[in-house]
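Containing CSV, N, CA and C atoms: coords-v3.csv.
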chain,number,residue,atom,x,y,z
A,1,MET,N,27.3,31.9,-113.9
A,1,MET,CA,28.5,31.8,-113.1
A,1,MET,C,28.3,30.9,-111.9
A,2,ARG,N,29.3,30.1,-111.7
A,2,ARG,CA,29.3,29.1,-110.6
A,2,ARG,C,29.7,29.8,-109.3
A,3,ASP,N,29.2,29.2,-108.2
A,3,ASP,CA,29.6,29.7,-106.9
A,3,ASP,C,31.0,29.2,-106.5
A,4,LEU,N,31.7,29.9,-105.6
A,4,LEU,CA,33.0,29.5,-105.2
A,4,LEU,C,33.1,29.7,-103.7
A,5,ASN,N,33.5,28.6,-103.0
A,5,ASN,CA,33.7,28.6,-101.6
A,5,ASN,C,35.1,28.1,-101.4
A,6,ARG,N,36.1,29.0,-101.3
A,6,ARG,CA,37.5,28.6,-101.2
A,6,ARG,C,38.2,29.5,-100.2
A,7,VAL,N,39.0,28.9,-99.3
A,7,VAL,CA,39.7,29.6,-98.3
A,7,VAL,C,41.2,29.2,-98.4
A,8,ASN,N,42.1,30.2,-98.4
A,8,ASN,CA,43.5,29.9,-98.3
A,8,ASN,C,44.0,30.7,-97.1
A,9,LEU,N,44.7,30.0,-96.2
A,9,LEU,CA,45.2,30.6,-95.0
A,9,LEU,C,46.7,30.2,-94.8
A,10,ILE,N,47.5,31.2,-94.3
A,10,ILE,CA,48.8,30.9,-93.9
A,10,ILE,C,48.9,31.5,-92.5
A,11,GLY,N,49.3,30.7,-91.5
A,11,GLY,CA,49.4,31.2,-90.1
A,11,GLY,C,50.2,30.2,-89.3
A,12,THR,N,50.0,30.3,-88.0
A,12,THR,CA,50.7,29.3,-87.1
A,12,THR,C,49.6,28.5,-86.4
A,13,ILE,N,50.0,27.3,-86.0
A,13,ILE,CA,49.1,26.5,-85.2
A,13,ILE,C,49.0,27.2,-83.8
A,14,GLY,N,47.9,27.5,-83.3
A,14,GLY,CA,47.7,28.1,-82.0
A,14,GLY,C,47.0,27.3,-81.0
A,15,LYS,N,47.0,27.8,-79.8
A,15,LYS,CA,46.2,27.2,-78.8
A,15,LYS,C,44.7,27.3,-79.1
A,16,GLY,N,44.0,26.2,-79.0
A,16,GLY,CA,42.6,26.2,-79.3
A,16,GLY,C,42.0,25.0,-78.6
A,17,TYR,N,42.2,23.9,-79.2
A,17,TYR,CA,41.7,22.7,-78.6
A,17,TYR,C,42.8,22.1,-77.7
A,18,GLN,N,44.1,22.2,-78.2
A,18,GLN,CA,45.2,21.7,-77.4
A,18,GLN,C,46.4,22.5,-78.0
A,19,ASP,N,47.7,22.1,-77.6
A,19,ASP,CA,48.8,22.8,-78.1
A,19,ASP,C,49.3,22.1,-79.4
A,20,LYS,N,48.5,21.1,-79.9
A,20,LYS,CA,48.8,20.5,-81.2
A,20,LYS,C,47.4,20.0,-81.7
A,21,PRO,N,47.3,19.7,-83.0
A,21,PRO,CA,46.0,19.2,-83.5
A,21,PRO,C,45.5,18.0,-82.7
A,22,ALA,N,44.2,18.1,-82.4
A,22,ALA,CA,43.5,17.0,-81.7
A,22,ALA,C,43.0,16.0,-82.8
A,23,VAL,N,43.6,14.8,-82.7
A,23,VAL,CA,43.3,13.8,-83.7
A,23,VAL,C,42.4,12.8,-83.2
A,24,MET,N,41.2,12.5,-83.9
A,24,MET,CA,40.3,11.5,-83.4
A,24,MET,C,40.1,10.5,-84.5
A,25,VAL,N,39.9,9.2,-84.1
A,25,VAL,CA,39.6,8.1,-85.1
A,25,VAL,C,38.2,7.7,-84.9
A,26,GLY,N,37.5,7.5,-86.0
A,26,GLY,CA,36.1,7.1,-86.0
A,26,GLY,C,35.9,5.7,-85.4
A,27,PRO,N,34.7,5.4,-84.9
A,27,PRO,CA,34.4,4.1,-84.2
A,27,PRO,C,34.8,2.9,-85.0
A,28,ALA,N,34.7,2.9,-86.3
A,28,ALA,CA,35.1,1.7,-87.1
A,28,ALA,C,36.6,1.8,-87.5
A,29,GLY,N,37.2,2.9,-87.1
A,29,GLY,CA,38.7,3.0,-87.4
A,29,GLY,C,38.9,3.4,-88.9
A,30,ASN,N,37.9,3.8,-89.6
A,30,ASN,CA,38.1,4.1,-91.0
A,30,ASN,C,38.1,5.6,-91.4
A,31,HIS,N,37.9,6.4,-90.4
A,31,HIS,CA,37.9,7.9,-90.6
A,31,HIS,C,38.8,8.5,-89.5
A,32,THR,N,39.6,9.5,-89.9
A,32,THR,CA,40.5,10.2,-89.0
A,32,THR,C,40.1,11.7,-89.1
A,33,LYS,N,39.9,12.4,-88.0
A,33,LYS,CA,39.6,13.8,-88.0
A,33,LYS,C,40.6,14.6,-87.1
A,34,ALA,N,41.1,15.7,-87.6
A,34,ALA,CA,41.9,16.5,-86.8
A,34,ALA,C,41.3,17.9,-86.7
A,35,GLN,N,41.3,18.5,-85.5
A,35,GLN,CA,40.8,19.8,-85.2
A,35,GLN,C,41.9,20.6,-84.7
A,36,PHE,N,42.1,21.9,-85.2
A,36,PHE,CA,43.1,22.7,-84.6
A,36,PHE,C,42.7,24.2,-85.0
A,37,THR,N,43.5,25.1,-84.4
A,37,THR,CA,43.3,26.5,-84.6
A,37,THR,C,44.5,27.1,-85.3
A,38,ILE,N,44.2,27.9,-86.3
A,38,ILE,CA,45.3,28.7,-87.0
A,38,ILE,C,45.2,30.1,-86.6
A,39,VAL,N,46.3,30.7,-86.2
A,39,VAL,CA,46.4,32.1,-85.8
A,39,VAL,C,47.0,32.9,-86.9
A,40,CYS,N,46.2,33.9,-87.5
A,40,CYS,CA,46.7,34.7,-88.5
A,40,CYS,C,46.8,36.1,-88.0
A,41,LYS,N,48.0,36.7,-88.2
A,41,LYS,CA,48.3,38.1,-87.7
A,41,LYS,C,48.2,39.1,-88.8
A,42,ASN,N,47.5,40.2,-88.5
A,42,ASN,CA,47.4,41.3,-89.4
A,42,ASN,C,47.9,42.6,-88.7
A,43,GLU,N,48.5,43.5,-89.5
A,43,GLU,CA,48.9,44.7,-88.9
A,43,GLU,C,48.1,45.9,-89.6
A,44,TYR,N,47.6,46.8,-88.7
A,44,TYR,CA,46.9,47.9,-89.2
A,44,TYR,C,47.2,49.1,-88.3
A,45,ASN,N,47.7,50.2,-89.0
A,45,ASN,CA,48.0,51.4,-88.2
A,45,ASN,C,49.0,51.1,-87.1
A,46,GLY,N,50.0,50.3,-87.3
A,46,GLY,CA,51.0,50.0,-86.3
A,46,GLY,C,50.5,49.0,-85.2
A,47,ASN,N,49.3,48.6,-85.2
A,47,ASN,CA,48.8,47.6,-84.3
A,47,ASN,C,48.7,46.2,-84.9
A,48,VAL,N,49.0,45.2,-84.1
A,48,VAL,CA,48.9,43.8,-84.6
A,48,VAL,C,47.6,43.2,-84.1
A,49,TYR,N,46.8,42.6,-85.0
A,49,TYR,CA,45.6,42.0,-84.6
A,49,TYR,C,45.7,40.5,-84.9
A,50,GLU,N,45.2,39.6,-84.1
A,50,GLU,CA,45.3,38.2,-84.3
A,50,GLU,C,43.8,37.7,-84.5
A,51,THR,N,43.7,36.8,-85.5
A,51,THR,CA,42.5,36.2,-85.8
A,51,THR,C,42.6,34.7,-85.6
A,52,PHE,N,41.8,34.1,-84.8
A,52,PHE,CA,41.8,32.7,-84.5
A,52,PHE,C,40.8,32.0,-85.4
A,53,ILE,N,41.2,31.0,-86.2
A,53,ILE,CA,40.3,30.4,-87.1
A,53,ILE,C,40.3,28.9,-86.9
A,54,ARG,N,39.1,28.3,-86.6
A,54,ARG,CA,38.9,26.9,-86.3
A,54,ARG,C,39.0,26.1,-87.7
A,55,VAL,N,39.8,25.0,-87.6
A,55,VAL,CA,40.0,24.2,-88.8
A,55,VAL,C,39.7,22.7,-88.5
A,56,SER,N,39.1,22.0,-89.4
A,56,SER,CA,38.9,20.6,-89.3
A,56,SER,C,39.5,20.0,-90.6
A,57,ALA,N,40.2,18.8,-90.4
A,57,ALA,CA,40.8,18.1,-91.5
A,57,ALA,C,40.4,16.6,-91.4
A,58,TRP,N,40.2,16.0,-92.5
A,58,TRP,CA,39.8,14.6,-92.5
A,58,TRP,C,40.8,13.7,-93.2
A,59,ASN,N,40.8,12.4,-92.7
A,59,ASN,CA,41.6,11.4,-93.4
A,59,ASN,C,43.0,11.7,-93.7
A,60,ALA,N,43.4,11.7,-95.0
A,60,ALA,CA,44.8,11.9,-95.3
A,60,ALA,C,45.3,13.3,-94.8
A,61,VAL,N,44.5,14.3,-94.9
A,61,VAL,CA,44.9,15.6,-94.4
A,61,VAL,C,45.1,15.7,-92.9
A,62,ALA,N,44.2,15.0,-92.2
A,62,ALA,CA,44.3,14.9,-90.8
A,62,ALA,C,45.6,14.2,-90.4
A,63,ASP,N,45.9,13.1,-91.1
A,63,ASP,CA,47.2,12.4,-90.8
A,63,ASP,C,48.4,13.3,-91.1
A,64,ALA,N,48.3,14.1,-92.1
A,64,ALA,CA,49.4,15.0,-92.4
A,64,ALA,C,49.7,16.1,-91.4
A,65,VAL,N,48.6,16.5,-90.7
A,65,VAL,CA,48.9,17.6,-89.7
A,65,VAL,C,49.0,17.0,-88.2
A,66,ALA,N,48.8,15.7,-88.1
A,66,ALA,CA,48.9,15.1,-86.8
A,66,ALA,C,50.2,15.3,-86.0
A,67,GLY,N,51.3,15.4,-86.8
A,67,GLY,CA,52.6,15.6,-86.1
A,67,GLY,C,53.0,17.0,-85.9
A,68,MET,N,52.1,18.0,-86.2
A,68,MET,CA,52.4,19.4,-86.0
A,68,MET,C,52.1,19.8,-84.6
A,69,GLN,N,52.6,20.9,-84.2
A,69,GLN,CA,52.3,21.4,-82.8
A,69,GLN,C,52.3,22.9,-82.8
A,70,GLU,N,51.9,23.5,-81.7
A,70,GLU,CA,51.8,25.0,-81.5
A,70,GLU,C,53.0,25.7,-82.0
A,71,GLY,N,52.8,26.7,-82.8
A,71,GLY,CA,54.0,27.5,-83.3
A,71,GLY,C,54.4,27.1,-84.7
A,72,ASP,N,54.0,25.9,-85.2
A,72,ASP,CA,54.4,25.5,-86.5
A,72,ASP,C,53.6,26.4,-87.5
A,73,ARG,N,54.3,26.8,-88.6
A,73,ARG,CA,53.6,27.6,-89.7
A,73,ARG,C,52.9,26.6,-90.6
A,74,ILE,N,51.8,26.9,-91.1
A,74,ILE,CA,51.0,26.0,-91.9
A,74,ILE,C,50.2,26.8,-93.0
A,75,TYR,N,50.1,26.1,-94.1
A,75,TYR,CA,49.3,26.6,-95.2
A,75,TYR,C,48.1,25.7,-95.3
A,76,VAL,N,46.9,26.2,-95.3
A,76,VAL,CA,45.7,25.4,-95.4
A,76,VAL,C,44.8,26.0,-96.6
A,77,GLU,N,44.3,25.0,-97.4
A,77,GLU,CA,43.4,25.4,-98.4
A,77,GLU,C,42.1,24.5,-98.2
A,78,GLY,N,41.0,25.2,-98.2
A,78,GLY,CA,39.7,24.4,-98.0
A,78,GLY,C,38.5,25.3,-98.3
A,79,SER,N,37.4,24.9,-97.6
A,79,SER,CA,36.2,25.7,-97.8
A,79,SER,C,35.6,26.1,-96.4
A,80,TRP,N,34.9,27.2,-96.4
A,80,TRP,CA,34.3,27.7,-95.2
A,80,TRP,C,32.9,27.0,-95.0
A,81,GLN,N,32.7,26.6,-93.8
A,81,GLN,CA,31.4,26.0,-93.5
A,81,GLN,C,30.9,26.4,-92.1
A,82,ASN,N,29.6,26.4,-91.9
A,82,ASN,CA,28.9,26.8,-90.7
A,82,ASN,C,28.2,25.5,-90.2
A,83,GLY,N,28.1,25.4,-88.9
A,83,GLY,CA,27.4,24.3,-88.3
A,83,GLY,C,26.8,24.6,-86.9
A,84,SER,N,26.1,23.7,-86.3
A,84,SER,CA,25.6,23.9,-85.0
A,84,SER,C,25.5,22.6,-84.3
A,85,TYR,N,25.4,22.6,-83.0
A,85,TYR,CA,25.2,21.4,-82.1
A,85,TYR,C,24.4,21.9,-80.9
A,86,ASP,N,23.9,20.9,-80.2
A,86,ASP,CA,23.1,21.2,-79.0
A,86,ASP,C,24.1,21.3,-77.8
A,87,GLY,N,24.0,22.4,-77.0
A,87,GLY,CA,24.9,22.6,-75.9
A,87,GLY,C,24.8,21.6,-74.8
A,88,LYS,N,25.9,21.5,-74.0
A,88,LYS,CA,25.9,20.6,-72.9
A,88,LYS,C,26.3,21.4,-71.6
A,89,GLY,N,26.1,20.9,-70.5
A,89,GLY,CA,26.5,21.6,-69.2
A,89,GLY,C,25.7,22.9,-69.0
A,90,GLU,N,26.5,24.0,-68.9
A,90,GLU,CA,25.8,25.3,-68.6
A,90,GLU,C,25.0,25.7,-69.8
A,91,LYS,N,25.4,25.2,-71.0
A,91,LYS,CA,24.7,25.7,-72.2
A,91,LYS,C,23.6,24.7,-72.7
A,92,GLU,N,23.2,23.8,-71.7
A,92,GLU,CA,22.1,22.8,-72.0
A,92,GLU,C,20.9,23.5,-72.6
A,93,GLY,N,20.3,22.9,-73.7
A,93,GLY,CA,19.1,23.5,-74.3
A,93,GLY,C,19.4,24.6,-75.3
A,94,GLN,N,20.6,25.0,-75.4
A,94,GLN,CA,21.0,26.1,-76.4
A,94,GLN,C,21.6,25.5,-77.7
A,95,LYS,N,21.3,26.1,-78.8
A,95,LYS,CA,21.9,25.7,-80.0
A,95,LYS,C,23.2,26.5,-80.2
A,96,ILE,N,24.4,25.8,-80.2
A,96,ILE,CA,25.7,26.4,-80.4
A,96,ILE,C,26.0,26.5,-81.8
A,97,ARG,N,26.3,27.6,-82.4
A,97,ARG,CA,26.7,27.8,-83.8
A,97,ARG,C,28.2,28.0,-83.9
A,98,TYR,N,28.8,27.5,-84.9
A,98,TYR,CA,30.2,27.7,-85.2
A,98,TYR,C,30.5,27.8,-86.7
A,99,SER,N,31.6,28.4,-87.0
A,99,SER,CA,32.2,28.5,-88.3
A,99,SER,C,33.6,27.9,-88.3
A,100,GLU,N,33.9,27.2,-89.4
A,100,GLU,CA,35.2,26.6,-89.5
A,100,GLU,C,35.6,26.4,-90.9
A,101,VAL,N,36.9,26.2,-91.1
A,101,VAL,CA,37.4,25.8,-92.5
A,101,VAL,C,37.6,24.3,-92.5
A,102,ASN,N,37.0,23.7,-93.6
A,102,ASN,CA,37.2,22.3,-93.8
A,102,ASN,C,38.4,22.1,-94.7
A,103,ALA,N,39.5,21.7,-94.2
A,103,ALA,CA,40.8,21.7,-95.0
A,103,ALA,C,40.8,20.6,-96.0
A,104,ARG,N,41.2,20.9,-97.2
A,104,ARG,CA,41.4,20.0,-98.3
A,104,ARG,C,42.9,19.7,-98.5
A,105,ILE,N,43.7,20.7,-98.3
A,105,ILE,CA,45.2,20.6,-98.4
A,105,ILE,C,45.8,21.3,-97.2
A,106,ALA,N,46.8,20.7,-96.6
A,106,ALA,CA,47.6,21.3,-95.5
A,106,ALA,C,49.0,21.0,-95.8
A,107,GLU,N,49.8,22.1,-95.6
A,107,GLU,CA,51.3,22.0,-95.8
A,107,GLU,C,52.0,22.7,-94.7
A,108,GLY,N,52.9,22.0,-94.0
A,108,GLY,CA,53.7,22.6,-93.0
A,108,GLY,C,54.8,23.5,-93.6
A,109,MET,N,55.1,24.6,-92.9
A,109,MET,CA,56.1,25.5,-93.5
A,109,MET,C,57.2,25.8,-92.5
A,110,GLY,N,57.4,24.9,-91.5
A,110,GLY,CA,58.4,25.1,-90.5
A,110,GLY,C,57.9,25.7,-89.2
A,111,ARG,N,58.9,26.1,-88.4
A,111,ARG,CA,58.5,26.7,-87.1
A,111,ARG,C,58.5,28.2,-87.1
A,112,GLY,N,57.6,28.8,-86.4
A,112,GLY,CA,57.5,30.3,-86.2
A,112,GLY,C,57.4,31.0,-87.6
A,113,ARG,N,58.3,32.0,-87.8
A,113,ARG,CA,58.2,32.8,-89.0
A,113,ARG,C,59.2,32.3,-90.1
A,114,CYS,N,59.7,31.1,-89.9
A,114,CYS,CA,60.6,30.4,-90.8
A,114,CYS,C,60.0,30.3,-92.2
A,115,ARG,N,60.8,30.7,-93.2
A,115,ARG,CA,60.4,30.6,-94.6
A,115,ARG,C,61.5,30.0,-95.4
A,116,GLY,N,61.2,29.3,-96.4
A,116,GLY,CA,62.3,28.8,-97.3
A,116,GLY,C,63.1,27.7,-96.8
A,117,ARG,N,64.3,27.9,-96.4
A,117,ARG,CA,65.2,26.9,-96.0
A,117,ARG,C,64.7,26.2,-94.7
A,118,GLY,N,65.0,24.9,-94.6
A,118,GLY,CA,64.6,24.1,-93.4
A,118,GLY,C,63.1,23.9,-93.4
A,119,ARG,N,62.4,24.0,-94.5
A,119,ARG,CA,61.0,23.8,-94.5
A,119,ARG,C,60.6,22.4,-94.3
A,120,ARG,N,59.7,22.1,-93.4
A,120,ARG,CA,59.1,20.8,-93.2
A,120,ARG,C,57.8,20.7,-94.0
A,121,GLN,N,57.7,19.7,-94.8
A,121,GLN,CA,56.5,19.5,-95.6
A,121,GLN,C,55.6,18.5,-95.0
A,122,PHE,N,54.4,18.8,-94.8
A,122,PHE,CA,53.3,17.9,-94.5
A,122,PHE,C,52.2,18.2,-95.5
A,123,ARG,N,51.9,17.2,-96.3
A,123,ARG,CA,50.9,17.4,-97.3
A,123,ARG,C,49.9,16.3,-97.4
A,124,GLY,N,48.6,16.6,-97.4
A,124,GLY,CA,47.6,15.5,-97.6
A,124,GLY,C,46.5,16.1,-98.4
A,125,VAL,N,46.0,15.3,-99.3
A,125,VAL,CA,44.9,15.8,-100.1
A,125,VAL,C,43.7,14.8,-100.0
A,126,ALA,N,42.6,15.3,-99.5
A,126,ALA,CA,41.4,14.5,-99.4
A,126,ALA,C,40.7,14.3,-100.7
A,127,ARG,N,40.3,13.2,-101.1
A,127,ARG,CA,39.7,12.9,-102.4
A,127,ARG,C,38.1,12.9,-102.2
A,128,GLY,N,37.4,13.2,-103.2
A,128,GLY,CA,36.0,13.1,-103.2
A,128,GLY,C,35.3,14.4,-103.1
A,129,TRP,N,36.0,15.5,-103.2
A,129,TRP,CA,35.3,16.8,-103.3
A,129,TRP,C,34.7,17.0,-104.6
What does the file become when written as C-alpha cells?
Amino acid sequence: MRDLNRVNLIGTIGKGYQDKPAVMVGPAGNHTKAQFTIVCKNEYNGNVYETFIRVSAWNAVADAVAGMQEGDRIYVEGSWQNGSYDGKGEKEGQKIRYSEVNARIAEGMGRGRCRGRGRRQFRGVARGW
C-alpha cells in the first residue's frame, strides 16, 4: 500500500502574516511564493472553535491567491509538511519548528459564508508533484 499525504481545507483567509496573502518573488524573479493563514471553524457541544492553519503556495497557485484578502472563502488542496529554521532576535540560538500545508490547488469561493451564486474563482495548479 502506498503512503498518502493529502489535505483538503475549506475556510476563510484569516489574519496571520497580513490581512491578505503575503506574496514574495525569488531573487531571480522565476519563483513566486504566497503565505497565508486559513481559519477553519468547528462546532462542538454548542461551542465554536477556530483552527488557524498556515499555508504556503508556489508559482501559479501563489499567483492565483495573490488577489484574495481576509474574509475570502477558499478551498485548498495540498500536502502537510513540517520544517524548522534558526530563530532570530529573542529566539536566537533556538530551532523553531512549524507545520504547514503546501498548496497544490487553491480556489476562491467568494466572501464570508457565501456559497454558490456570485462565486469568484481563483485556480492555480502547480506542476511537478
Which one of A:Lys41, A:Arg2, A:Arg104, A:Lys33 sits closest to Asp63 (chain A) if you count only C-alpha atoms?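 Among the listed residues, A:Lys33 lies closest to Asp63 (chain A).
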How many Å lie between CA of Gly67 (chain A) and CA of Val55 (chain A), rounded to one decimal? 15.5 Å
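With distances taken over all atoms listed in the file, A:Val101 is the one residue among A:Val101, A:Gly110, A:Gln94, A:Tyr85 lying closest to Ser56 (chain A).
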Counting only N, CA and C atoms, find the residues whose atoms lie at most 6 Å from (46.0, 37.3, -82.6) (file coordinates) and write them out as an NGL selection string. :A and (40-41 or 49-52)
Since we have the selection now, will you write its residues out, keeping N, CA and C atoms, as a CSV table (one decimal), in the frame of the given file?
chain,number,residue,atom,x,y,z
A,40,CYS,N,46.2,33.9,-87.5
A,40,CYS,CA,46.7,34.7,-88.5
A,40,CYS,C,46.8,36.1,-88.0
A,41,LYS,N,48.0,36.7,-88.2
A,41,LYS,CA,48.3,38.1,-87.7
A,41,LYS,C,48.2,39.1,-88.8
A,49,TYR,N,46.8,42.6,-85.0
A,49,TYR,CA,45.6,42.0,-84.6
A,49,TYR,C,45.7,40.5,-84.9
A,50,GLU,N,45.2,39.6,-84.1
A,50,GLU,CA,45.3,38.2,-84.3
A,50,GLU,C,43.8,37.7,-84.5
A,51,THR,N,43.7,36.8,-85.5
A,51,THR,CA,42.5,36.2,-85.8
A,51,THR,C,42.6,34.7,-85.6
A,52,PHE,N,41.8,34.1,-84.8
A,52,PHE,CA,41.8,32.7,-84.5
A,52,PHE,C,40.8,32.0,-85.4
What is the atom C of Arg54 (chain A) to atom C of Phe36 (chain A) distance in Å?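 Atom C of Phe36 (chain A) lies 5.0 Å from atom C of Arg54 (chain A).
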List every residue of region 19-95 of chain A that DSSP, applied to the backbone of this structure, assigns to strand (DSSP E), and report them as a VMD selection string. chain A and resid 22 to 25 32 to 44 47 to 58 72 to 86 95
Since we have the selection now, will you write its residues out, keeping N, CA and C atoms, as a short mmCIF file (atom, residue, chain, number, x, y, z; two decimals), in the frame of the given file?
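For reference, selection-v4.cif as written:
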data_model
loop_
_atom_site.label_atom_id
_atom_site.label_comp_id
_atom_site.auth_asym_id
_atom_site.auth_seq_id
_atom_site.Cartn_x
_atom_site.Cartn_y
_atom_site.Cartn_z
N ALA A 22 44.20 18.10 -82.40
CA ALA A 22 43.50 17.00 -81.70
C ALA A 22 43.00 16.00 -82.80
N VAL A 23 43.60 14.80 -82.70
CA VAL A 23 43.30 13.80 -83.70
C VAL A 23 42.40 12.80 -83.20
N MET A 24 41.20 12.50 -83.90
CA MET A 24 40.30 11.50 -83.40
C MET A 24 40.10 10.50 -84.50
N VAL A 25 39.90 9.20 -84.10
CA VAL A 25 39.60 8.10 -85.10
C VAL A 25 38.20 7.70 -84.90
N THR A 32 39.60 9.50 -89.90
CA THR A 32 40.50 10.20 -89.00
C THR A 32 40.10 11.70 -89.10
N LYS A 33 39.90 12.40 -88.00
CA LYS A 33 39.60 13.80 -88.00
C LYS A 33 40.60 14.60 -87.10
N ALA A 34 41.10 15.70 -87.60
CA ALA A 34 41.90 16.50 -86.80
C ALA A 34 41.30 17.90 -86.70
N GLN A 35 41.30 18.50 -85.50
CA GLN A 35 40.80 19.80 -85.20
C GLN A 35 41.90 20.60 -84.70
N PHE A 36 42.10 21.90 -85.20
CA PHE A 36 43.10 22.70 -84.60
C PHE A 36 42.70 24.20 -85.00
N THR A 37 43.50 25.10 -84.40
CA THR A 37 43.30 26.50 -84.60
C THR A 37 44.50 27.10 -85.30
N ILE A 38 44.20 27.90 -86.30
CA ILE A 38 45.30 28.70 -87.00
C ILE A 38 45.20 30.10 -86.60
N VAL A 39 46.30 30.70 -86.20
CA VAL A 39 46.40 32.10 -85.80
C VAL A 39 47.00 32.90 -86.90
N CYS A 40 46.20 33.90 -87.50
CA CYS A 40 46.70 34.70 -88.50
C CYS A 40 46.80 36.10 -88.00
N LYS A 41 48.00 36.70 -88.20
CA LYS A 41 48.30 38.10 -87.70
C LYS A 41 48.20 39.10 -88.80
N ASN A 42 47.50 40.20 -88.50
CA ASN A 42 47.40 41.30 -89.40
C ASN A 42 47.90 42.60 -88.70
N GLU A 43 48.50 43.50 -89.50
CA GLU A 43 48.90 44.70 -88.90
C GLU A 43 48.10 45.90 -89.60
N TYR A 44 47.60 46.80 -88.70
CA TYR A 44 46.90 47.90 -89.20
C TYR A 44 47.20 49.10 -88.30
N ASN A 47 49.30 48.60 -85.20
CA ASN A 47 48.80 47.60 -84.30
C ASN A 47 48.70 46.20 -84.90
N VAL A 48 49.00 45.20 -84.10
CA VAL A 48 48.90 43.80 -84.60
C VAL A 48 47.60 43.20 -84.10
N TYR A 49 46.80 42.60 -85.00
CA TYR A 49 45.60 42.00 -84.60
C TYR A 49 45.70 40.50 -84.90
N GLU A 50 45.20 39.60 -84.10
CA GLU A 50 45.30 38.20 -84.30
C GLU A 50 43.80 37.70 -84.50
N THR A 51 43.70 36.80 -85.50
CA THR A 51 42.50 36.20 -85.80
C THR A 51 42.60 34.70 -85.60
N PHE A 52 41.80 34.10 -84.80
CA PHE A 52 41.80 32.70 -84.50
C PHE A 52 40.80 32.00 -85.40
N ILE A 53 41.20 31.00 -86.20
CA ILE A 53 40.30 30.40 -87.10
C ILE A 53 40.30 28.90 -86.90
N ARG A 54 39.10 28.30 -86.60
CA ARG A 54 38.90 26.90 -86.30
C ARG A 54 39.00 26.10 -87.70
N VAL A 55 39.80 25.00 -87.60
CA VAL A 55 40.00 24.20 -88.80
C VAL A 55 39.70 22.70 -88.50
N SER A 56 39.10 22.00 -89.40
CA SER A 56 38.90 20.60 -89.30
C SER A 56 39.50 20.00 -90.60
N ALA A 57 40.20 18.80 -90.40
CA ALA A 57 40.80 18.10 -91.50
C ALA A 57 40.40 16.60 -91.40
N TRP A 58 40.20 16.00 -92.50
CA TRP A 58 39.80 14.60 -92.50
C TRP A 58 40.80 13.70 -93.20
N ASP A 72 54.00 25.90 -85.20
CA ASP A 72 54.40 25.50 -86.50
C ASP A 72 53.60 26.40 -87.50
N ARG A 73 54.30 26.80 -88.60
CA ARG A 73 53.60 27.60 -89.70
C ARG A 73 52.90 26.60 -90.60
N ILE A 74 51.80 26.90 -91.10
CA ILE A 74 51.00 26.00 -91.90
C ILE A 74 50.20 26.80 -93.00
N TYR A 75 50.10 26.10 -94.10
CA TYR A 75 49.30 26.60 -95.20
C TYR A 75 48.10 25.70 -95.30
N VAL A 76 46.90 26.20 -95.30
CA VAL A 76 45.70 25.40 -95.40
C VAL A 76 44.80 26.00 -96.60
N GLU A 77 44.30 25.00 -97.40
CA GLU A 77 43.40 25.40 -98.40
C GLU A 77 42.10 24.50 -98.20
N GLY A 78 41.00 25.20 -98.20
CA GLY A 78 39.70 24.40 -98.00
C GLY A 78 38.50 25.30 -98.30
N SER A 79 37.40 24.90 -97.60
CA SER A 79 36.20 25.70 -97.80
C SER A 79 35.60 26.10 -96.40
N TRP A 80 34.90 27.20 -96.40
CA TRP A 80 34.30 27.70 -95.20
C TRP A 80 32.90 27.00 -95.00
N GLN A 81 32.70 26.60 -93.80
CA GLN A 81 31.40 26.00 -93.50
C GLN A 81 30.90 26.40 -92.10
N ASN A 82 29.60 26.40 -91.90
CA ASN A 82 28.90 26.80 -90.70
C ASN A 82 28.20 25.50 -90.20
N GLY A 83 28.10 25.40 -88.90
CA GLY A 83 27.40 24.30 -88.30
C GLY A 83 26.80 24.60 -86.90
N SER A 84 26.10 23.70 -86.30
CA SER A 84 25.60 23.90 -85.00
C SER A 84 25.50 22.60 -84.30
N TYR A 85 25.40 22.60 -83.00
CA TYR A 85 25.20 21.40 -82.10
C TYR A 85 24.40 21.90 -80.90
N ASP A 86 23.90 20.90 -80.20
CA ASP A 86 23.10 21.20 -79.00
C ASP A 86 24.10 21.30 -77.80
N LYS A 95 21.30 26.10 -78.80
CA LYS A 95 21.90 25.70 -80.00
C LYS A 95 23.20 26.50 -80.20
#
For Arg6 (chain A), find every residue with an atom within 10 Å (counting only C-alpha atoms), except residues of its own chain fewer than 4 positions away, and show them as a CSV table (one decimal) with N, CA and C atoms, in the frame of the given file.
chain,number,residue,atom,x,y,z
A,77,GLU,N,44.3,25.0,-97.4
A,77,GLU,CA,43.4,25.4,-98.4
A,77,GLU,C,42.1,24.5,-98.2
A,78,GLY,N,41.0,25.2,-98.2
A,78,GLY,CA,39.7,24.4,-98.0
A,78,GLY,C,38.5,25.3,-98.3
A,79,SER,N,37.4,24.9,-97.6
A,79,SER,CA,36.2,25.7,-97.8
A,79,SER,C,35.6,26.1,-96.4
A,80,TRP,N,34.9,27.2,-96.4
A,80,TRP,CA,34.3,27.7,-95.2
A,80,TRP,C,32.9,27.0,-95.0
A,101,VAL,N,36.9,26.2,-91.1
A,101,VAL,CA,37.4,25.8,-92.5
A,101,VAL,C,37.6,24.3,-92.5
A,102,ASN,N,37.0,23.7,-93.6
A,102,ASN,CA,37.2,22.3,-93.8
A,102,ASN,C,38.4,22.1,-94.7
A,103,ALA,N,39.5,21.7,-94.2
A,103,ALA,CA,40.8,21.7,-95.0
A,103,ALA,C,40.8,20.6,-96.0
A,104,ARG,N,41.2,20.9,-97.2
A,104,ARG,CA,41.4,20.0,-98.3
A,104,ARG,C,42.9,19.7,-98.5
Can you work out the spacing between atom C of His31 (chain A) and atom N of Ile105 (chain A) in Å, to one decimal?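 Atom-to-atom, atom C of His31 (chain A) and atom N of Ile105 (chain A) are spaced 15.8 Å apart.
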Taking 5 positions as the minimum chain separation for residues in the same chain, which residues sit within 9 Å of Ile96 (chain A) when counting only C-alpha atoms? Answer as a short mmCIF file (atom, residue, chain, number, x, y, z; two decimals) with N, CA and C atoms, keeping the file's coordinate frame.
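Ended up saving to result_24.cif:
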data_model
loop_
_atom_site.label_atom_id
_atom_site.label_comp_id
_atom_site.auth_asym_id
_atom_site.auth_seq_id
_atom_site.Cartn_x
_atom_site.Cartn_y
_atom_site.Cartn_z
N GLY A 83 28.10 25.40 -88.90
CA GLY A 83 27.40 24.30 -88.30
C GLY A 83 26.80 24.60 -86.90
N SER A 84 26.10 23.70 -86.30
CA SER A 84 25.60 23.90 -85.00
C SER A 84 25.50 22.60 -84.30
N TYR A 85 25.40 22.60 -83.00
CA TYR A 85 25.20 21.40 -82.10
C TYR A 85 24.40 21.90 -80.90
N ASP A 86 23.90 20.90 -80.20
CA ASP A 86 23.10 21.20 -79.00
C ASP A 86 24.10 21.30 -77.80
N GLY A 87 24.00 22.40 -77.00
CA GLY A 87 24.90 22.60 -75.90
C GLY A 87 24.80 21.60 -74.80
N LYS A 91 25.40 25.20 -71.00
CA LYS A 91 24.70 25.70 -72.20
C LYS A 91 23.60 24.70 -72.70
#
